[in-house]
Amino acid sequence: MSESQGPEDFAKLQQLLKLKHYEQPHPRYFNELPGQITARLRASETVSGQRLKAEVMRASWLQRLWRVIEGRPALSGVVTAGACGLLLLGGFFMVGTEPQPDLTLGAVGTTGLVQSPAAAPMLATSASAVTPIFAASSNSSAISPATGSLFSIPLGPNLQPQPVSFR
Amino acid sequence: MTEPASDQTASAMEPVKPSGPVVSSARAEETQLIGRAQKGDLVAYDELVRRYQERIYATLYHMTSNHEDANDLTQEAFIKAYQALQSFKGGSSFYTWVYRIAVNKTINFLKQRKNRYAMSLNDLDFDVEKDPDLVALVSDKTPRRDIVLGELHKKLNEAMQKLSEQHRLVVTLHDVQGLAHEEIAEIMQCNVGTVRSRLFYARQQLQGYLADYLK
């Protein structure tokens with residue numbers, strides 16, 4: 001099936017279809033139409049602009065900031081990179097200020113409380129008072145409270161153990 | 001910005017096909033207008049509307065056979081085109097792009113309108129009685145040419161409305177607007193063979209409906 005099947009067959013029809021060229025709207029129609037379209041576009045822009053403004057006024061500062069950022073891919077990229085940079089910088093400084101273990105204090109030195117030179121002698125003194133709860137022994141059956149255990153912490157002169165009765 | 005002539009003649013509705021450097025300079029100017037309109041310049045968009053309004057309106061009018069509907073659809077098509085202008089990348093010509101928007105809008109509208117159709121035809125231009133093709137069609141039938149042409153006008157529109165939207169569109173774009181098959185294929189987003197076969201079928205249908213007037 002093609003158009004060339006009978007061009008003469010449709011000659012009269014095409015003559016008749018020429019009539020459609022003469023159907024015209026009123027003379028000023030095409031002068032007025034662009035103005036009407038532009039007016040509608042301006043009106044819709046004004047309405048959407050006002051709506052946006054009202055929404056922005058209502059929104060919190062965080063939402064406003066988010067609106068500003070989400071509309072601009074470059075800006076959102078910069079903000080994200082900045083946030084990541086700050087996070088990395090924070091992590092870096094944390095690692096940099098990590099205290100070195102003080103071997104003279106043993107386990108207590110790892111608490112990170114010995115950075116102050118003033119505090120060091122005091123802690124060193126108290127550390128000497130802290131003795132292991134259980135004496136180190138290769139024999140597991142021989143585990144028993146050592147002499148300097150938690151139970152034998154020296155008490156002050158006003159602190160004496162009292163017997164307690166639960167009856 | 002150029003003002004169109006106040007007296008709209010039949011030639012204004014027919015496509016003008018310039019060639020050579022005229023085309024390239026017109027293209028460049030149009031590209032510039034589109035760029036400005038994409039940045040929100042309504043004056044530039046107004047100029048684009050002026051360039052294509054007649055062709056778009058005529059297509060929609062011939063599709064609907066109703067001036068008010070064609071007017072509304074033309075306005076809506078241009079408004080939608082402006083709102084979607086950011087998505088126009090220049091892959092096709094601007095006028096094909098706007099045509100596609102207008103045609104899709106009209107086809108959707110016609111599908112909804114089916115049960116409330118009423119013709120509201122524009123008046124025929126006075127020059128119609130001077131057209132040799134139309135004179136040849138009616139002069140041997142009656143001395144009152146204007147009455148016969150008026151009747152033909154109505155019957156032709158009725159016959160057009162009996163076609164499906166796709167067939168009516170092909171006849172309108174090719175036989176009334178004078179677009180090439182390739183352009184129609186681009187607007188309708190189908191291949192050229194489909195355009196040709198739809199055109200042939202639509203003409204056959206029209207010929208059948210108007211047989212009494214084409215003897």
# chains A, B, ... in the order shown; residues from 1 in each chain; ligands from 1
>>> closest_atom_pairs(of="chain A", to="chain B", cutoff="8 Å", atoms="only C-alpha atoms", output="Markdown table")
| residue | atom | partner | partner_atom | distance |
| --- | --- | --- | --- | --- |
| A:Met1 | CA | B:Ser197 | CA | 6.0 |
| A:Ser2 | CA | B:Ser197 | CA | 5.9 |
| A:Glu3 | CA | B:Phe200 | CA | 5.5 |
| A:Phe10 | CA | B:Arg203 | CA | 7.1 |
| A:Lys12 | CA | B:Leu214 | CA | 6.2 |
| A:Leu13 | CA | B:Gln207 | CA | 6.5 |
| A:Gln14 | CA | B:Asp175 | CA | 6.8 |
| A:Gln15 | CA | B:Asp133 | CA | 5.6 |
| A:Leu16 | CA | B:Leu134 | CA | 6.7 |
| A:Leu17 | CA | B:Val176 | CA | 6.6 |
| A:Lys18 | CA | B:Val176 | CA | 6.8 |
| A:Leu19 | CA | B:His153 | CA | 6.8 |
| A:Lys20 | CA | B:Val176 | CA | 6.7 |
| A:His21 | CA | B:Ala10 | CA | 5.4 |
| A:Tyr22 | CA | B:Asp125 | CA | 5.0 |
| A:Glu23 | CA | B:Leu124 | CA | 4.6 |
| A:Gln24 | CA | B:Asn122 | CA | 5.5 |
| A:Pro25 | CA | B:Asn122 | CA | 5.4 |
| A:His26 | CA | B:Asn122 | CA | 7.8 |
| A:Pro27 | CA | B:Asp7 | CA | 5.6 |
| A:Arg28 | CA | B:Ser6 | CA | 6.2 |
| A:Phe30 | CA | B:Glu54 | CA | 7.1 |
| A:Asn31 | CA | B:Pro4 | CA | 6.9 |
| A:Leu33 | CA | B:Gln75 | CA | 7.7 |
| A:Pro34 | CA | B:Asp46 | CA | 5.9 |
| A:Gly35 | CA | B:Asp46 | CA | 7.6 |
| A:Gln36 | CA | B:Gln75 | CA | 7.8 |
| A:Ile37 | CA | B:Gln75 | CA | 5.7 |
| A:Thr38 | CA | B:Asp46 | CA | 6.6 |
| A:Arg40 | CA | B:Ile79 | CA | 7.9 |
| A:Leu41 | CA | B:Ile79 | CA | 6.6 |
>>> residues_around(residues="B:Asn104", least_positions_apart="5", cutoff="10 Å", atoms="only C-alpha atoms", output="list in words")
Ala77, Val98, Tyr99, Phe109, Leu110, Ile187 and Met188 of chain B
>>> atom_distance(atom1="atom CA of B:Phe88", atom2="atom CA of A:Arg42")
20.6 Å
>>> atom_distance(atom1="atom CA of B:Leu73", atom2="atom CA of B:Arg55")
12.9 Å
>>> select_by_dssp(residues="chain B", states="strand (DSSP E or B)", output="list in words")
Asn66, Ser120, Asp123 and Leu124 of chain B
>>> select_by_dssp(residues="stretch 27-209 of chain B", states="helix (DSSP H, G or I)", output="ChimeraX atom specification")
/B:27-38,42-64,67-83,85-87,94-116,126-130,132-138,145-162,165-176,181-188,192-209
>>> closest_residue(among="B:Glu158, B:Asp146, B:Glu29, B:Asp41", to="B:Asn66", atoms="only C-alpha atoms")
B:Glu158
>>> atom_distance(atom1="atom CA of A:Val68", atom2="atom CA of B:Ala84")
22.2 Å
